[in-house]
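Data block for query-v6.txt (compact mmCIF, C-alpha atoms):
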```txt
# COMPACT_ATOMS: atom_id res chain seq x y z
CA MET A 1 91.58 73.05 116.46
CA ALA A 2 93.07 72.29 113.05
CA LEU A 3 90.85 72.40 109.99
CA THR A 4 90.41 69.32 107.86
CA ARG A 5 91.67 69.34 104.27
CA GLN A 6 88.06 69.48 103.11
CA GLN A 7 87.33 72.55 105.26
CA MET A 8 90.44 74.29 103.91
CA ASP A 9 89.52 73.32 100.34
CA ASP A 10 85.99 74.66 100.86
CA GLN A 11 87.31 78.03 102.10
CA VAL A 12 89.91 78.39 99.34
CA ASN A 13 87.54 77.25 96.59
CA GLU A 14 84.87 79.70 97.78
CA HIS A 15 87.47 82.50 97.81
CA PHE A 16 88.57 81.58 94.27
CA MET A 17 84.93 81.46 93.10
CA TYR A 18 84.42 85.01 94.37
CA GLU A 19 87.59 86.07 92.55
CA ALA A 20 86.46 84.37 89.32
CA THR A 21 83.13 86.20 89.43
CA ASP A 22 84.64 89.59 90.38
CA ASP A 23 82.63 89.56 93.63
CA ILE A 24 84.62 91.96 95.80
CA ASP A 25 82.21 91.69 98.75
CA GLY A 26 82.50 87.89 98.61
CA VAL A 27 86.30 87.97 98.41
CA VAL A 28 86.58 90.37 101.34
CA GLY A 29 83.97 88.38 103.28
CA SER A 30 86.11 85.24 102.93
CA PHE A 31 88.66 86.87 105.26
CA THR A 32 88.11 86.60 109.01
CA ALA A 33 86.58 89.57 110.80
CA ASN A 34 87.83 88.26 114.17
CA GLU A 35 91.59 88.71 113.73
CA ASP A 36 94.00 90.97 111.88
CA ILE A 37 94.45 89.83 108.30
CA PHE A 38 97.37 89.94 105.87
CA HIS A 39 97.11 90.03 102.08
CA GLU A 40 100.06 90.34 99.72
CA ALA A 41 100.39 89.84 95.99
CA VAL A 42 103.92 89.79 94.58
CA PRO A 43 104.31 91.86 92.47
CA SER A 44 101.78 94.59 93.24
CA PRO A 45 102.01 98.38 93.20
CA LEU A 46 100.06 98.44 96.49
CA GLY A 47 102.33 96.24 98.60
CA PRO A 48 101.13 94.27 101.64
CA ARG A 49 97.56 94.86 102.83
CA LYS A 50 96.82 94.59 106.56
CA SER A 51 93.04 94.96 106.79
CA ARG A 52 89.92 93.89 104.96
CA ALA A 53 89.49 97.47 103.69
CA GLU A 54 93.05 97.48 102.29
CA ALA A 55 92.49 94.06 100.68
CA ARG A 56 89.32 95.47 99.09
CA ALA A 57 91.41 98.26 97.48
CA TYR A 58 93.67 95.63 95.89
CA TYR A 59 90.73 93.75 94.34
CA GLU A 60 89.13 97.02 93.18
CA MET A 61 92.35 97.66 91.25
CA LEU A 62 92.76 94.07 90.00
CA PHE A 63 89.31 93.03 88.79
CA PRO A 64 88.84 95.65 86.03
CA SER A 65 92.33 94.78 84.71
CA VAL A 66 91.91 91.04 84.10
CA LYS A 67 89.41 88.78 82.37
CA GLY A 68 89.99 85.20 83.39
CA GLU A 69 89.14 82.34 81.06
CA SER A 70 90.35 79.37 83.09
CA VAL A 71 92.33 78.30 86.11
CA THR A 72 93.99 74.90 86.04
CA PRO A 73 94.88 73.45 89.45
CA ILE A 74 98.40 72.04 89.63
CA MET A 75 98.78 70.94 93.27
CA ARG A 76 97.91 71.64 96.89
CA LEU A 77 99.92 70.98 100.04
CA TYR A 78 98.39 71.10 103.53
CA GLY A 79 99.48 71.90 107.08
CA ASP A 80 97.55 72.24 110.34
CA ASP A 81 96.26 75.74 109.58
CA PHE A 82 97.53 76.49 106.08
CA VAL A 83 97.32 75.37 102.47
CA VAL A 84 99.68 76.02 99.56
CA ASP A 85 97.94 76.14 96.18
CA GLU A 86 99.61 76.22 92.78
CA ALA A 87 97.54 76.94 89.67
CA LEU A 88 97.84 78.09 86.06
CA TRP A 89 95.74 81.19 85.22
CA THR A 90 94.75 81.87 81.60
CA GLY A 91 92.95 84.94 80.32
CA GLU A 92 93.27 88.51 79.12
CA ILE A 93 95.17 91.24 80.94
CA THR A 94 93.58 94.50 79.80
CA ASP A 95 95.77 96.72 81.99
CA GLY A 96 99.15 95.47 83.23
CA HIS A 97 99.31 97.97 86.13
CA PRO A 98 98.46 95.44 88.89
CA PHE A 99 101.50 93.41 87.74
CA LEU A 100 103.87 96.40 87.44
CA CYS A 101 103.50 96.18 83.66
CA ASP A 102 102.05 99.62 83.01
CA GLY A 103 101.01 100.20 79.40
CA MET A 104 101.02 96.48 78.61
CA SER A 105 98.07 94.22 77.78
CA GLY A 106 97.17 91.03 75.98
CA PRO A 107 96.44 87.35 76.42
CA ALA A 108 98.46 85.61 79.12
CA SER A 109 98.89 82.33 80.91
CA PHE A 110 100.96 82.20 84.09
CA ARG A 111 101.43 80.32 87.33
CA LEU A 112 100.13 81.49 90.69
CA LEU A 113 101.40 80.22 94.02
CA HIS A 114 99.10 80.95 96.96
CA VAL A 115 99.75 80.40 100.66
CA PHE A 116 96.60 80.66 102.79
CA GLU A 117 96.53 80.65 106.59
CA PHE A 118 93.30 80.19 108.52
CA ALA A 119 91.92 81.88 111.63
CA ALA A 120 90.28 80.17 114.59
CA ASP A 121 86.85 80.78 112.99
CA GLY A 122 87.93 78.78 109.91
CA LYS A 123 88.07 81.80 107.59
CA ILE A 124 91.17 83.09 105.81
CA LYS A 125 93.47 85.27 107.92
CA SER A 126 96.37 85.48 105.46
CA GLU A 127 96.70 85.22 101.70
CA ARG A 128 100.04 85.54 100.00
CA VAL A 129 100.24 85.04 96.24
CA TRP A 130 103.29 85.00 94.01
CA ILE A 131 102.66 85.74 90.34
CA ASP A 132 104.99 84.61 87.53
CA LEU A 133 105.97 88.09 86.38
CA ALA A 134 108.54 86.81 83.86
CA ALA A 135 105.83 84.84 82.05
CA ILE A 136 103.50 87.85 82.05
CA ARG A 137 106.14 90.23 80.68
CA GLN A 138 107.06 87.74 77.96
CA GLN A 139 103.46 87.48 76.75
CA LEU A 140 102.11 91.04 77.00
CA SER A 141 102.61 93.70 74.37
CA SER A 142 102.99 97.45 74.63
CA ALA A 143 103.07 100.38 72.26
CA GLU A 144 106.73 101.02 73.15
CA ARG A 145 107.95 97.51 72.44
CA PRO A 146 108.37 96.44 68.79
CA THR A 147 106.41 93.35 67.77
```

Please lay out the structure from this file as structure tokens.
Amino acid sequence: MALTRQQMDDQVNEHFMYEATDDIDGVVGSFTANEDIFHEAVPSPLGPRKSRAEARAYYEMLFPSVKGESVTPIMRLYGDDFVVDEALWTGEITDGHPFLCDGMSGPASFRLLHVFEFAADGKIKSERVWIDLAAIRQQLSSAERPT
């Protein structure tokens, strides 16, 4: 049975709320426990994650490295069991490692494109997110790069 747009929005918004509050247990709990999951952030030094435990490791790396100030929704597109979400993230990157920007930090604003798929129980079974690396690299500073 396909989820309604409202049900998909509720799941995605809850997932994003857990991310915004650095609630790793909440984020991991938003993924289904009844099916295999898939989580991938591009770019990421960890690569694709194929279990809730592996997804947890990604968030344990990410959360200490970023301090979000705001997320501005841009658009959402819906299918029978998926949603595509585009947003603009603004905040401070204290450690660029999760974005393959080792040694770099600073204020940043960049687009995120998420594709979520949902399991039969209505929870998330797949999250893929593409991060605007060019925008991040342009905004962050490092000791090696002249200012």

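Across A:Met8, A:Ala2, A:Ile74, A:Leu46, the tightest approach to Glu60 in chain A is made by A:Leu46 when counting only C-alpha atoms.
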
Would you kindly return, as a PDB file with C-alpha atoms, in the frame of the given file, each protein, DNA or RNA residue with an atom no farther than 8 Å from any atom of Glu69 in chain A, considering all atoms listed in the file and excluding same-chain residues fewer than 4 positions away?
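Resulting contents of part-v2.pdb:
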```pdb
ATOM      1  CA  TRP A  89      95.740  81.190  85.220  1.00  0.00           C
ATOM      2  CA  THR A  90      94.750  81.870  81.600  1.00  0.00           C
ATOM      3  CA  GLY A  91      92.950  84.940  80.320  1.00  0.00           C
ATOM      4  CA  GLU A  92      93.270  88.510  79.120  1.00  0.00           C
TER       5      GLU A  92
END
```

Exercise for the section: Identify the residues within 12 Å of coordinate (91.8, 70.2, 113.3) (same frame as the file), considering only C-alpha atoms, and give the answer as a ChimeraX atom specification. Expected result: /A:1-8,78-82,118-122

Find the residues near Ala135 in chain A: any atom within 9 Å, counting only C-alpha atoms, skip ones fewer than 6 places away on the same chain, and give them as a PDB file with C-alpha atoms, in the frame of the given file.
```
ATOM      1  CA  ALA A 108      98.460  85.610  79.120  1.00  0.00           C
ATOM      2  CA  SER A 109      98.890  82.330  80.910  1.00  0.00           C
ATOM      3  CA  PHE A 110     100.960  82.200  84.090  1.00  0.00           C
ATOM      4  CA  ARG A 111     101.430  80.320  87.330  1.00  0.00           C
TER       5      ARG A 111
END
```

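Distance check against Leu133 in chain A using only C-alpha atoms: of A:Ile24, A:Val42, A:Leu88, A:Glu35, the minimum falls on A:Val42.
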
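Across the structure, CA of Tyr59 in chain A and CA of Leu77 in chain A are spaced 25.2 Å apart.
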
Problem - Point-to-point distance from CA of Phe63 in chain A to CA of Val84 in chain A, Å rounded to tenths - result: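 Calculated distance between CA of Phe63 in chain A and CA of Val84 in chain A is 22.6 Å.
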